>>> print(open('upload18.txt').read())   # compact mmCIF, C-alpha atoms
# COMPACT_ATOMS: atom_id res chain seq x y z
CA MET A 975 135.79 76.18 34.86
CA PRO A 976 134.78 76.90 38.49
CA ASP A 977 131.44 78.50 39.38
CA VAL A 978 132.56 82.15 39.72
CA THR A 979 129.54 83.09 41.82
CA ARG A 980 130.22 80.32 44.32
CA VAL A 981 133.95 81.07 44.39
CA PHE A 982 133.27 84.75 45.05
CA SER A 983 130.76 83.94 47.79
CA ASP A 984 133.19 81.59 49.55
CA PHE A 985 135.97 84.16 49.19
CA ILE A 986 133.91 86.90 50.81
CA ASP A 987 132.53 84.66 53.58
CA ARG A 988 136.08 83.78 54.66
CA ARG A 989 137.04 87.45 54.84
CA ILE A 990 134.05 89.02 56.56
CA ALA A 991 135.88 88.92 59.88
CA ASP A 992 138.88 90.68 58.29
CA ILE A 993 136.62 93.42 56.95
CA GLN A 994 134.88 93.88 60.30
CA GLU A 995 138.24 94.19 62.06
CA SER A 996 139.56 96.65 59.49
CA ILE A 997 136.62 99.07 59.91
CA SER A 998 136.19 98.80 63.68
CA VAL A 999 137.12 101.97 65.59
CA ASP A 1000 136.88 102.76 69.31
CA PHE A 1001 136.31 106.50 69.15
CA SER A 1002 136.81 106.88 72.89
CA GLU A 1003 140.53 106.30 72.33
CA TYR A 1004 140.69 109.45 70.20
CA ALA A 1005 138.61 111.83 72.31
CA GLY A 1006 141.59 114.13 72.74
CA ASP A 1007 141.85 114.62 69.00
CA GLU A 1008 138.45 116.36 68.92
CA VAL A 1009 137.13 114.23 66.09
CA LYS A 1010 133.80 115.78 65.12
CA ARG A 1011 131.82 112.63 64.38
CA GLY A 1012 128.91 113.42 62.08
CA LEU A 1013 130.32 116.97 61.88
CA ARG A 1014 128.89 117.56 65.36
CA ASN A 1015 130.36 118.98 68.52
CA ALA A 1016 130.47 116.98 71.74
CA ASP A 1017 127.21 118.58 72.93
CA GLY A 1018 125.38 117.49 69.77
CA THR A 1019 125.38 120.89 68.08
CA GLY A 1020 126.50 121.02 64.48
CA VAL A 1021 129.97 122.13 63.47
CA MET A 1022 129.71 125.57 61.88
CA SER A 1023 130.66 125.00 58.24
CA GLY A 1024 129.06 127.83 56.30
CA ILE A 1025 126.82 130.87 56.14
CA THR A 1026 123.41 131.03 54.50
CA ARG A 1027 120.65 133.58 53.96
CA ILE A 1028 118.10 130.98 52.83
CA GLY A 1029 116.69 129.25 55.89
CA ASP A 1030 117.18 129.05 59.63
CA VAL A 1031 116.18 126.33 62.09
CA ARG A 1032 115.93 127.43 65.71
CA GLY A 1033 115.42 124.92 68.48
CA TYR A 1034 117.63 126.01 71.36
CA LYS A 1035 119.53 128.96 72.81
CA LEU A 1036 123.16 128.93 73.89
CA VAL A 1037 123.53 130.50 77.35
CA ASP A 1038 127.12 130.58 78.59
CA GLY A 1039 127.89 127.79 76.16
CA VAL A 1040 125.06 125.56 77.40
CA ARG A 1041 122.08 124.58 75.23
CA GLN A 1042 118.77 125.84 76.60
CA PRO A 1043 115.62 124.29 75.05
CA MET A 1044 113.13 126.57 73.30
CA ARG A 1045 110.04 126.36 71.13
CA GLY A 1046 111.10 125.46 67.60
CA GLN A 1047 111.04 127.99 64.80
CA LEU A 1048 111.52 127.51 61.05
CA ILE A 1049 112.53 130.66 59.18
CA TYR A 1050 112.40 131.12 55.39
CA ARG A 1051 114.41 134.17 54.23
CA GLY A 1052 113.81 135.92 57.54
CA ILE A 1053 110.08 135.10 57.67
CA ASP A 1054 108.66 132.71 60.27
CA VAL A 1055 107.01 129.90 58.32
CA GLU A 1056 104.02 130.09 60.68
CA LYS A 1057 103.30 133.66 59.53
CA LEU A 1058 103.88 132.66 55.91
CA ILE A 1059 101.33 129.85 56.20
CA ASP A 1060 98.78 131.97 58.03
CA GLY A 1061 99.08 134.53 55.23
CA PHE A 1062 98.26 132.35 52.24
CA MET A 1063 95.88 129.99 54.07
CA GLY A 1064 94.01 132.92 55.54
CA GLU A 1065 93.34 134.12 52.00
CA GLY A 1066 92.48 130.62 50.72
CA ARG A 1067 95.46 130.52 48.35
CA PHE A 1068 97.97 127.81 47.54
CA GLY A 1069 101.34 128.72 49.01
CA PHE A 1070 104.00 126.42 47.56
CA GLU A 1071 104.73 128.49 44.47
CA GLU A 1072 105.17 131.76 46.35
CA THR A 1073 107.29 129.92 48.93
CA ALA A 1074 109.50 128.67 46.11
CA TYR A 1075 109.76 132.25 44.80
CA LEU A 1076 110.70 133.50 48.26
CA LEU A 1077 113.42 130.86 48.77
CA LEU A 1078 114.94 131.38 45.31
CA PHE A 1079 114.78 135.17 45.02
CA GLY A 1080 114.95 136.26 48.67
CA LYS A 1081 111.67 138.17 48.81
CA LEU A 1082 107.96 137.53 48.48
CA PRO A 1083 106.50 138.16 45.00
CA ASP A 1084 103.93 140.77 44.11
CA GLU A 1085 100.82 139.54 42.30
CA GLN A 1086 102.22 139.97 38.78
CA SER A 1087 105.59 138.40 39.61
CA LEU A 1088 103.87 135.39 41.16
CA LYS A 1089 101.63 134.98 38.09
CA THR A 1090 104.65 135.06 35.77
CA PHE A 1091 106.52 132.60 38.00
CA GLN A 1092 103.55 130.21 37.97
CA ASP A 1093 103.32 130.47 34.16
CA ILE A 1094 107.02 129.61 33.83
CA LEU A 1095 106.63 126.54 36.06
CA ALA A 1096 103.60 125.45 34.02
CA GLU A 1097 105.61 125.77 30.79
CA TYR A 1098 108.61 123.92 32.25
CA ARG A 1099 106.63 120.92 33.56
CA ALA A 1100 106.70 119.16 30.19
CA LEU A 1101 109.34 116.43 30.09
CA PRO A 1102 111.77 116.33 27.14
CA PRO A 1103 110.54 114.40 24.06
CA GLY A 1104 110.97 110.66 24.59
CA PHE A 1105 111.96 111.03 28.26
CA LEU A 1106 108.85 109.31 29.61
CA GLU A 1107 109.20 106.34 27.25
CA ASP A 1108 112.99 105.97 27.33
CA MET A 1109 113.91 106.90 30.90
CA ILE A 1110 110.86 106.03 33.00
CA LEU A 1111 108.74 103.38 31.28
CA ALA A 1112 111.67 101.52 29.70
CA ALA A 1113 113.49 101.15 33.03
CA PRO A 1114 110.93 101.19 35.86
CA SER A 1115 112.08 100.95 39.47
CA LYS A 1116 110.46 99.49 42.57
CA ASP A 1117 111.75 102.52 44.47
CA ILE A 1118 110.54 105.93 43.32
CA MET A 1119 113.45 107.80 44.94
CA ASN A 1120 115.88 105.63 43.00
CA LYS A 1121 114.02 106.42 39.79
CA LEU A 1122 113.98 110.14 40.62
CA ALA A 1123 117.75 110.24 41.20
CA ARG A 1124 118.40 108.41 37.93
CA SER A 1125 115.99 110.67 36.08
CA VAL A 1126 117.64 113.83 37.43
CA LEU A 1127 121.01 112.56 36.22
CA ALA A 1128 119.49 111.62 32.86
CA LEU A 1129 118.20 115.17 32.33
CA TYR A 1130 121.85 116.16 31.81
CA SER A 1131 121.73 114.30 28.47
CA TYR A 1132 118.62 116.21 27.39
CA ASP A 1133 120.08 119.61 28.24
CA PRO A 1134 121.71 121.27 25.20
CA ASN A 1135 124.15 123.11 27.49
CA PRO A 1136 124.36 121.04 30.71
CA GLU A 1137 127.69 122.52 31.84
CA LEU A 1138 126.68 126.14 31.25
CA SER A 1139 126.83 127.56 34.75
CA ASP A 1140 126.30 131.32 34.69
CA LEU A 1141 123.64 132.50 37.15
CA ARG A 1142 120.95 132.91 34.49
CA SER A 1143 121.53 129.34 33.19
CA GLU A 1144 121.64 127.87 36.70
CA LEU A 1145 118.32 129.49 37.56
CA ASP A 1146 116.77 128.19 34.34
CA LYS A 1147 117.92 124.64 35.11
CA ALA A 1148 116.70 124.97 38.69
CA LEU A 1149 113.21 126.03 37.59
CA HIS A 1150 113.06 123.12 35.15
CA LEU A 1151 113.97 120.70 37.96
CA ILE A 1152 111.42 122.20 40.38
CA ALA A 1153 108.68 122.02 37.73
CA ARG A 1154 109.55 118.55 36.41
CA CYS A 1155 110.20 116.76 39.70
CA PRO A 1156 106.50 116.18 40.57
CA VAL A 1157 105.81 114.92 37.04
CA ILE A 1158 108.77 112.52 37.12
CA VAL A 1159 107.70 111.16 40.52
CA ALA A 1160 104.09 110.71 39.42
CA HIS A 1161 105.04 108.93 36.19
CA ALA A 1162 107.60 106.77 37.99
CA PHE A 1163 104.84 105.75 40.39
CA ALA A 1164 102.55 104.87 37.47
CA ALA A 1165 105.31 102.72 35.96
CA LYS A 1166 106.01 101.02 39.27
CA ARG A 1167 102.31 100.34 39.79
CA HIS A 1168 102.01 98.84 36.30
CA TYR A 1169 105.18 96.77 36.01
CA PHE A 1170 105.58 95.59 39.60
CA ASP A 1171 102.03 95.69 41.02
CA ASN A 1172 100.26 94.39 37.86
CA ASP A 1173 97.99 97.41 37.74
CA SER A 1174 96.79 99.32 34.70
CA LEU A 1175 99.16 101.88 33.22
CA VAL A 1176 97.50 105.29 33.41
CA ILE A 1177 99.47 108.41 32.42
CA HIS A 1178 97.97 111.86 32.94
CA ARG A 1179 99.63 114.97 31.60
CA PRO A 1180 100.06 118.01 33.88
CA GLN A 1181 97.61 120.86 33.41
CA ASP A 1182 98.82 124.44 32.99
CA ASP A 1183 96.08 125.97 35.14
CA LEU A 1184 96.69 123.80 38.20
CA SER A 1185 99.02 124.40 41.14
CA THR A 1186 101.86 122.00 41.91
CA ALA A 1187 99.79 120.24 44.58
CA GLU A 1188 96.71 120.01 42.35
CA ASN A 1189 98.76 118.69 39.44
CA PHE A 1190 100.35 115.99 41.56
CA LEU A 1191 96.98 114.68 42.77
CA HIS A 1192 95.61 114.97 39.23
CA ILE A 1193 98.46 112.85 37.81
CA ILE A 1194 98.79 110.12 40.46
CA ARG A 1195 95.09 109.34 40.76
CA GLN A 1196 93.73 107.19 37.99
CA ASP A 1197 90.45 109.13 37.94
CA SER A 1198 92.26 112.49 38.43
CA ALA A 1199 89.73 113.34 41.14
CA TYR A 1200 90.61 115.40 44.22
CA THR A 1201 88.99 118.00 46.42
CA HIS A 1202 90.17 121.56 46.96
CA GLY A 1203 90.72 120.74 50.63
CA GLU A 1204 92.96 117.79 49.78
CA ALA A 1205 95.05 119.94 47.45
CA GLN A 1206 95.35 122.66 50.10
CA LEU A 1207 96.56 120.16 52.70
CA LEU A 1208 99.14 118.69 50.32
CA ASP A 1209 100.23 122.22 49.41
CA LEU A 1210 100.75 122.98 53.11
CA CYS A 1211 102.84 119.81 53.57
CA MET A 1212 105.04 120.88 50.66
CA VAL A 1213 105.54 124.36 52.13
CA LEU A 1214 106.62 122.80 55.45
CA HIS A 1215 109.12 120.54 53.66
CA ALA A 1216 110.54 123.07 51.19
CA GLU A 1217 113.62 124.10 53.19
CA HIS A 1218 115.39 123.29 56.45
CA GLY A 1219 118.70 125.12 56.54
CA GLY A 1220 122.06 124.30 55.00
CA GLY A 1221 123.09 121.73 57.60
CA ASN A 1222 120.49 119.04 56.93
CA ASN A 1223 122.08 116.04 55.24
CA SER A 1224 120.56 116.39 51.78
CA ALA A 1225 121.13 120.15 51.46
CA PHE A 1226 124.67 119.69 52.71
CA SER A 1227 125.21 116.86 50.21
CA CYS A 1228 124.07 119.20 47.45
CA ARG A 1229 126.43 121.90 48.68
CA VAL A 1230 129.36 119.47 48.98
CA LEU A 1231 129.04 118.41 45.35
CA SER A 1232 128.31 121.95 44.19
CA SER A 1233 131.51 123.15 45.86
CA THR A 1234 133.52 120.96 43.46
CA GLY A 1235 132.15 122.83 40.44
CA THR A 1236 130.19 119.87 39.12
CA ASP A 1237 126.88 120.30 37.27
CA ILE A 1238 123.51 120.91 38.91
CA TYR A 1239 122.15 117.49 37.91
CA SER A 1240 124.93 115.65 39.75
CA SER A 1241 124.49 117.84 42.83
CA ILE A 1242 120.71 117.42 42.98
CA ALA A 1243 120.90 113.66 42.36
CA ALA A 1244 123.21 113.40 45.39
CA ALA A 1245 120.65 115.26 47.49
CA VAL A 1246 117.92 112.86 46.35
CA GLY A 1247 120.10 109.90 47.32
CA SER A 1248 120.67 111.43 50.75
CA LEU A 1249 116.97 112.07 51.35
CA LYS A 1250 116.17 108.45 50.45
CA GLY A 1251 117.86 107.22 53.64
CA PRO A 1252 115.68 106.11 56.58
CA LYS A 1253 117.61 108.42 58.93
CA HIS A 1254 116.60 111.40 56.76
CA GLY A 1255 113.61 111.68 54.42
CA GLY A 1256 112.82 107.97 54.54
CA ALA A 1257 111.96 108.29 58.23
CA ASN A 1258 108.27 109.00 57.50
CA LYS A 1259 107.92 105.49 56.04
CA LYS A 1260 109.69 104.03 59.07
CA VAL A 1261 107.21 105.81 61.36
CA ILE A 1262 104.29 104.14 59.57
CA GLU A 1263 106.02 100.75 59.79
CA MET A 1264 106.65 101.31 63.50
CA PHE A 1265 103.01 102.20 64.13
CA GLN A 1266 101.88 99.07 62.32
CA CYS A 1267 103.85 97.14 64.93
CA ILE A 1268 102.41 99.24 67.76
CA GLU A 1269 98.85 98.81 66.52
CA GLU A 1270 99.31 95.03 66.33
CA GLY A 1271 101.20 94.75 69.62
CA VAL A 1272 99.03 96.99 71.82
CA ARG A 1273 95.62 95.48 72.47
CA ASP A 1274 94.03 98.47 74.22
CA TRP A 1275 95.01 101.71 72.48
CA SER A 1276 93.58 103.71 75.40
CA ASP A 1277 95.78 101.98 77.98
CA ASP A 1278 98.76 104.25 78.70
CA GLU A 1279 100.60 101.57 80.66
CA GLU A 1280 100.36 99.05 77.82
CA ILE A 1281 101.58 101.64 75.29
CA VAL A 1282 104.55 102.55 77.49
CA ASP A 1283 105.44 98.86 77.91
CA PHE A 1284 105.46 98.38 74.14
CA LEU A 1285 107.58 101.49 73.59
CA ARG A 1286 110.05 100.11 76.12
CA ARG A 1287 110.22 96.91 74.07
CA ILE A 1288 111.04 98.99 70.99
CA LEU A 1289 113.83 100.76 72.89
CA ARG A 1290 115.19 97.37 74.00
CA LYS A 1291 115.19 96.15 70.35
CA GLU A 1292 112.56 93.54 71.20
CA ALA A 1293 109.87 95.04 68.94
CA GLY A 1294 109.48 97.35 65.99
CA CYS A 1295 112.33 97.37 63.48
CA GLY A 1296 114.71 95.79 65.99
CA ASP A 1297 117.13 98.73 65.94
CA GLY A 1298 116.06 100.31 69.23
CA LEU A 1299 114.88 103.52 67.55
CA ILE A 1300 111.55 105.29 67.97
CA TYR A 1301 111.20 106.87 64.55
CA GLY A 1302 109.87 110.40 64.31
CA PHE A 1303 111.21 111.27 67.78
CA GLY A 1304 114.27 113.45 68.29
CA HIS A 1305 115.98 116.05 66.15
CA ALA A 1306 119.46 117.53 65.82
CA ILE A 1307 118.19 121.05 66.57
CA TYR A 1308 114.57 121.08 67.78
CA THR A 1309 114.18 120.50 71.52
CA LEU A 1310 110.77 121.51 72.91
CA SER A 1311 108.90 121.35 69.60
CA ASP A 1312 109.23 121.02 65.84
CA PRO A 1313 106.94 123.69 64.33
CA ARG A 1314 106.28 121.48 61.30
CA ALA A 1315 105.12 118.60 63.52
CA VAL A 1316 102.93 120.94 65.57
CA ARG A 1317 101.19 122.27 62.46
CA LEU A 1318 100.69 118.78 60.99
CA ARG A 1319 99.43 117.37 64.31
CA ASP A 1320 96.80 120.11 64.58
CA LEU A 1321 95.65 119.53 61.01
CA ALA A 1322 95.66 115.75 61.44
CA ALA A 1323 93.44 116.11 64.52
CA LYS A 1324 90.89 118.15 62.55
CA LEU A 1325 90.99 115.80 59.57
CA ALA A 1326 90.64 112.65 61.65
CA LYS A 1327 87.78 113.84 63.85
CA GLY A 1328 84.61 111.91 63.10
CA THR A 1329 86.35 109.61 60.59
CA PRO A 1330 87.66 106.02 60.82
CA TYR A 1331 91.12 107.54 61.38
CA GLU A 1332 90.19 109.19 64.68
CA ALA A 1333 91.14 106.23 66.90
CA GLU A 1334 94.46 105.90 65.10
CA PHE A 1335 95.21 109.60 65.48
CA ASN A 1336 94.49 109.32 69.21
CA LEU A 1337 97.05 106.50 69.35
CA PHE A 1338 99.63 108.71 67.60
CA ALA A 1339 98.95 111.49 70.10
CA SER A 1340 99.21 109.07 73.02
CA VAL A 1341 102.51 107.68 71.78
CA GLU A 1342 103.89 111.23 71.43
CA ARG A 1343 102.82 112.01 74.99
CA LEU A 1344 104.17 108.75 76.48
CA ILE A 1345 107.57 108.43 74.76
CA PRO A 1346 109.38 110.35 77.55
CA ALA A 1347 107.91 107.98 80.16
CA ALA A 1348 109.19 104.97 78.21
CA PHE A 1349 112.67 106.49 78.06
CA GLU A 1350 112.60 107.25 81.79
CA LYS A 1351 111.58 103.70 82.72
CA GLU A 1352 114.46 102.40 80.62
CA GLY A 1353 116.85 104.60 82.57
CA ARG A 1354 117.36 106.94 79.66
CA SER A 1355 116.61 110.62 79.25
CA ALA A 1356 114.34 112.16 76.61
CA SER A 1357 115.07 115.66 77.85
CA GLY A 1358 115.36 118.17 75.02
CA MET A 1359 113.73 115.76 72.56
CA CYS A 1360 110.43 116.10 70.72
CA VAL A 1361 108.60 114.49 67.82
CA ASN A 1362 109.70 115.76 64.42
CA VAL A 1363 107.89 116.35 61.13
CA ASP A 1364 108.13 112.68 60.13
CA PHE A 1365 106.00 111.60 63.09
CA TYR A 1366 102.76 112.93 61.59
CA SER A 1367 103.54 113.52 57.90
CA GLY A 1368 103.04 109.89 56.84
CA PHE A 1369 99.75 109.73 58.73
CA VAL A 1370 98.53 112.90 56.99
CA TYR A 1371 99.53 111.48 53.60
CA ARG A 1372 97.66 108.27 54.38
CA MET A 1373 94.50 110.23 55.22
CA LEU A 1374 94.93 111.88 51.82
CA GLY A 1375 94.96 108.42 50.24
CA ILE A 1376 98.57 108.79 49.06
CA PRO A 1377 100.39 105.43 48.80
CA GLU A 1378 103.28 104.84 51.18
CA GLU A 1379 105.90 104.60 48.44
CA LEU A 1380 105.23 108.28 47.62
CA TYR A 1381 105.84 109.67 51.11
CA THR A 1382 109.57 110.31 50.70
CA PRO A 1383 109.30 111.35 47.02
CA LEU A 1384 106.79 114.02 48.10
CA PHE A 1385 109.43 115.26 50.52
CA ALA A 1386 111.87 115.45 47.57
CA ILE A 1387 109.36 117.34 45.40
CA ALA A 1388 109.09 120.03 48.05
CA ARG A 1389 112.76 120.10 49.06
CA MET A 1390 113.88 120.47 45.43
CA VAL A 1391 113.30 124.20 45.97
CA GLY A 1392 115.60 124.36 48.99
CA TRP A 1393 118.28 122.28 47.27
CA CYS A 1394 118.32 124.55 44.23
CA ALA A 1395 118.48 127.65 46.41
CA HIS A 1396 121.43 126.21 48.36
CA ARG A 1397 123.13 125.13 45.13
CA ILE A 1398 122.95 128.69 43.75
CA GLU A 1399 124.14 130.21 47.03
CA GLU A 1400 127.07 127.78 47.22
CA VAL A 1401 128.25 128.23 43.63
CA PHE A 1402 127.88 131.99 43.36
CA ASN A 1403 129.07 133.09 46.79
CA GLN A 1404 132.85 132.66 46.83
CA SER A 1405 132.56 128.88 46.88
CA ARG A 1406 135.42 126.86 48.33
CA ILE A 1407 135.60 123.09 47.93
CA ILE A 1408 134.33 121.37 51.06
CA ARG A 1409 136.95 119.03 52.50
CA PRO A 1410 136.78 118.02 56.17
CA ALA A 1411 139.75 116.11 57.60
CA TYR A 1412 139.80 112.48 58.73
CA LYS A 1413 142.33 111.16 61.23
CA ALA A 1414 144.25 108.13 59.93
CA ILE A 1415 144.86 105.47 62.57
>>> encode(input="upload18.txt", output="structure tokens")
Amino acid sequence: MPDVTRVFSDFIDRRIADIQESISVDFSEYAGDEVKRGLRNADGTGVMSGITRIGDVRGYKLVDGVRQPMRGQLIYRGIDVEKLIDGFMGEGRFGFEETAYLLLFGKLPDEQSLKTFQDILAEYRALPPGFLEDMILAAPSKDIMNKLARSVLALYSYDPNPELSDLRSELDKALHLIARCPVIVAHAFAAKRHYFDNDSLVIHRPQDDLSTAENFLHIIRQDSAYTHGEAQLLDLCMVLHAEHGGGNNSAFSCRVLSSTGTDIYSSIAAAVGSLKGPKHGGANKKVIEMFQCIEEGVRDWSDDEEIVDFLRRILRKEAGCGDGLIYGFGHAIYTLSDPRAVRLRDLAAKLAKGTPYEAEFNLFASVERLIPAAFEKEGRSASGMCVNVDFYSGFVYRMLGIPEELYTPLFAIARMVGWCAHRIEEVFNQSRIIRPAYKAI
């Protein structure tokens, strides 16, 4: 009997060229057909595909049909996120829970409503009996996002009425997912650390009197130790990542599946899979990898000319990841600034000052300042482009001592709120199955 593996390998090798030919398309030949690649218009703006009350991302103005750059704004339910942050930080409070309340219910909570909401999340954090042992420890994964997606799907089997989809039931499932997501991620990390990194297995249970940010630090750290300042910074990062409009890839993925009438677990798992990609939520890890190359390749971090030369090498695919991309730079909507990046940069500067991270932060700031010059010297334009949230978020997480493999899962923990809000809006607002057309050629 022939070696099936070898036969298959030879079969595929002989047909790679056929596959490449069959998927190759010269889109310039079909310009007249107005194919909206990536669901985007020719000027880079997104194709209008829906209406939402949840979040708004503002990065440019249309004047006589032409995009005019503007300072970026992120709006949650009609409230500028900058004002939201100034409100709870000015009073020394954690803000993620009230942000979740705002995104789900459309208005800010009063003191009693917020307390009840926090109590519900505390009650819902507990995983189903046997879930930790059977779904996380019994099948650990090297990738935490992969484990999160599988765990979300598995929760369907632990739900006594997983297909029940009236508004009350959907909200109950959503709150369970929001509460459980940080616990699943933290336990998945403990399993990964034990089974793949040969570390001790330490499992901490969530505490009812702690915020989401405090609980996460309590669970992932073997000694459960953290400072109030660390928890506040993580809380802020989660608020900044909680929502970003209906057009971002993961929220849109959730809405696409939700439009079919499928269950919430399938829809949210799709969103997790989308966020895992390096062009979306995985970009913060790619930024750190890119800076490792920059730090090794640039001898004098204070030499602007040397930094620009190295950035040009990245653009020419001679350095970095070899794909010609400067990660953390550019955004589909933001032009002059990403308000999330601005807030994180300011906080990173304060955190790094007087610490061993200060020189590295200065390098980050220099790279941000010099990217346009590198583009210009390569004969390319960086006009209307700015650094995005991923540029500084990984650096902030590293200063918090959070391992790199948790950067994107932390994004998912925060964005679970936005996904659930978009899911509810899609299902209960005259939903119509989403089906764009593709031109057959």
>>> closest_atom_pairs(input="upload18.txt", of="region 1109-1226 of chain A", to="region 1003-1023 of chain A", cutoff="12 Å", atoms="only C-alpha atoms", output="Markdown table")
| residue | atom | partner | partner_atom | distance |
| --- | --- | --- | --- | --- |
| A:Gly1219 | CA | A:Gly1020 | CA | 11.9 |
| A:Gly1220 | CA | A:Ser1023 | CA | 9.2 |
| A:Gly1221 | CA | A:Gly1020 | CA | 7.7 |
| A:Asn1222 | CA | A:Gly1020 | CA | 9.9 |
| A:Asn1223 | CA | A:Gly1012 | CA | 10.0 |
| A:Phe1226 | CA | A:Ser1023 | CA | 9.7 |
>>> closest_atom_pairs(input="upload18.txt", of="region 1125-1169 of chain A", to="region 1191-1195 of chain A", cutoff="12 Å", atoms="only C-alpha atoms", output="JSON lines")
{"residue": "A:Pro1156", "atom": "CA", "partner": "A:Ile1193", "partner_atom": "CA", "distance": 9.1}
{"residue": "A:Val1157", "atom": "CA", "partner": "A:Ile1193", "partner_atom": "CA", "distance": 7.7}
{"residue": "A:Ile1158", "atom": "CA", "partner": "A:Ile1193", "partner_atom": "CA", "distance": 10.3}
{"residue": "A:Val1159", "atom": "CA", "partner": "A:Ile1194", "partner_atom": "CA", "distance": 9.0}
{"residue": "A:Ala1160", "atom": "CA", "partner": "A:Ile1194", "partner_atom": "CA", "distance": 5.4}
{"residue": "A:His1161", "atom": "CA", "partner": "A:Ile1194", "partner_atom": "CA", "distance": 7.7}
{"residue": "A:Ala1162", "atom": "CA", "partner": "A:Ile1194", "partner_atom": "CA", "distance": 9.7}
{"residue": "A:Phe1163", "atom": "CA", "partner": "A:Ile1194", "partner_atom": "CA", "distance": 7.5}
{"residue": "A:Ala1164", "atom": "CA", "partner": "A:Ile1194", "partner_atom": "CA", "distance": 7.1}
{"residue": "A:Ala1165", "atom": "CA", "partner": "A:Ile1194", "partner_atom": "CA", "distance": 10.8}
{"residue": "A:Lys1166", "atom": "CA", "partner": "A:Ile1194", "partner_atom": "CA", "distance": 11.7}
{"residue": "A:Arg1167", "atom": "CA", "partner": "A:Ile1194", "partner_atom": "CA", "distance": 10.4}
>>> residues_around(input="upload18.txt", residues="region 1368-1382 of chain A", least_positions_apart="2", cutoff="8 Å", atoms="all atoms listed in the file", output="list in words")
Asp1117, Ile1118, Met1119, Phe1163, Glu1204, Leu1208, Leu1249, Lys1250, Gly1255, Gly1256, Asn1258, Lys1259, Val1261, Ile1262, Leu1318, Ala1322, Leu1325, Ala1326, Tyr1331, Asp1364, Phe1365, Tyr1366, Leu1384, Phe1385 and Ala1386 of chain A
>>> residues_around(input="upload18.txt", residues="region 1042-1053 of chain A", least_positions_apart="3", cutoff="10 Å", atoms="all atoms listed in the file", output="MDAnalysis selection string")
chainID A and resid 1026:1039 1056:1058 1073 1076:1082 1214 1216:1219 1307:1316 1357:1360 1392
>>> closest_residue(input="upload18.txt", among="A:Ile1177, A:Thr1236, A:Glu1334, A:Leu1231", to="Arg1409 (chain A)", atoms="only C-alpha atoms")
A:Leu1231
>>> residues_around(input="upload18.txt", residues="region 1239-1246 of chain A", least_positions_apart="6", cutoff="6 Å", atoms="only C-alpha atoms", output="MDAnalysis selection string")
chainID A and resid 1123 1126:1127 1224 1227:1228 1231:1232
>>> write_last_selection(input="upload18.txt", atoms="C-alpha atoms", output="short mmCIF file (atom, residue, chain, number, x, y, z; two decimals), in the coordinates of the input")
data_model
loop_
_atom_site.label_atom_id
_atom_site.label_comp_id
_atom_site.auth_asym_id
_atom_site.auth_seq_id
_atom_site.Cartn_x
_atom_site.Cartn_y
_atom_site.Cartn_z
CA ALA A 1123 117.75 110.24 41.20
CA VAL A 1126 117.64 113.83 37.43
CA LEU A 1127 121.01 112.56 36.22
CA SER A 1224 120.56 116.39 51.78
CA SER A 1227 125.21 116.86 50.21
CA CYS A 1228 124.07 119.20 47.45
CA LEU A 1231 129.04 118.41 45.35
CA SER A 1232 128.31 121.95 44.19
#
>>> atom_distance(input="upload18.txt", atom1="CA of Tyr1130 (chain A)", atom2="CA of Ile1238 (chain A)")
8.7 Å
>>> closest_residue(input="upload18.txt", among="A:Arg1229, A:Arg1154, A:His1305, A:Arg1319", to="Ile1408 (chain A)", atoms="only C-alpha atoms")
A:Arg1229
>>> closest_residue(input="upload18.txt", among="A:His1215, A:Lys1253, A:His1396, A:His1168", to="Arg1317 (chain A)", atoms="only C-alpha atoms")
A:His1215
>>> atom_distance(input="upload18.txt", atom1="CA of Leu1095 (chain A)", atom2="CA of Ser1139 (chain A)")
20.3 Å
>>> closest_residue(input="upload18.txt", among="A:Leu1141, A:Leu1289, A:Ile1407, A:Ile1281", to="Gly1353 (chain A)", atoms="all atoms listed in the file")
A:Leu1289
>>> closest_residue(input="upload18.txt", among="A:Asp1084, A:Asp992, A:Asp1197, A:Glu1399", to="Leu1145 (chain A)", atoms="only C-alpha atoms")
A:Glu1399
>>> axis_aligned_box(input="upload18.txt", around="region 1298-1307 of chain A", padding_each_side="6 Å", output="JSON")
{"center_x": 114.7, "center_y": 110.7, "center_z": 66.8, "size_x": 21.6, "size_y": 32.7, "size_z": 16.9}
>>> residues_near_point(input="upload18.txt", point="(131.7, 132.9, 54.1)", cutoff="10 Å", atoms="only C-alpha atoms", output="list in words")
Ser1023, Gly1024, Ile1025, Thr1026, Glu1400, Asn1403, Gln1404, Ser1405 and Arg1406 of chain A
>>> atom_distance(input="upload18.txt", atom1="CA of Glu1342 (chain A)", atom2="CA of Leu1285 (chain A)")
10.6 Å
>>> closest_residue(input="upload18.txt", among="A:Arg1124, A:Trp1275, A:Val1401, A:Phe1170", to="Glu1332 (chain A)", atoms="all atoms listed in the file")
A:Trp1275
>>> residues_around(input="upload18.txt", residues="Ile1345 (chain A)", least_positions_apart="3", cutoff="9 Å", atoms="only C-alpha atoms", output="ChimeraX atom specification")
/A:1282,1285-1286,1300,1303,1340-1342,1348-1350,1356
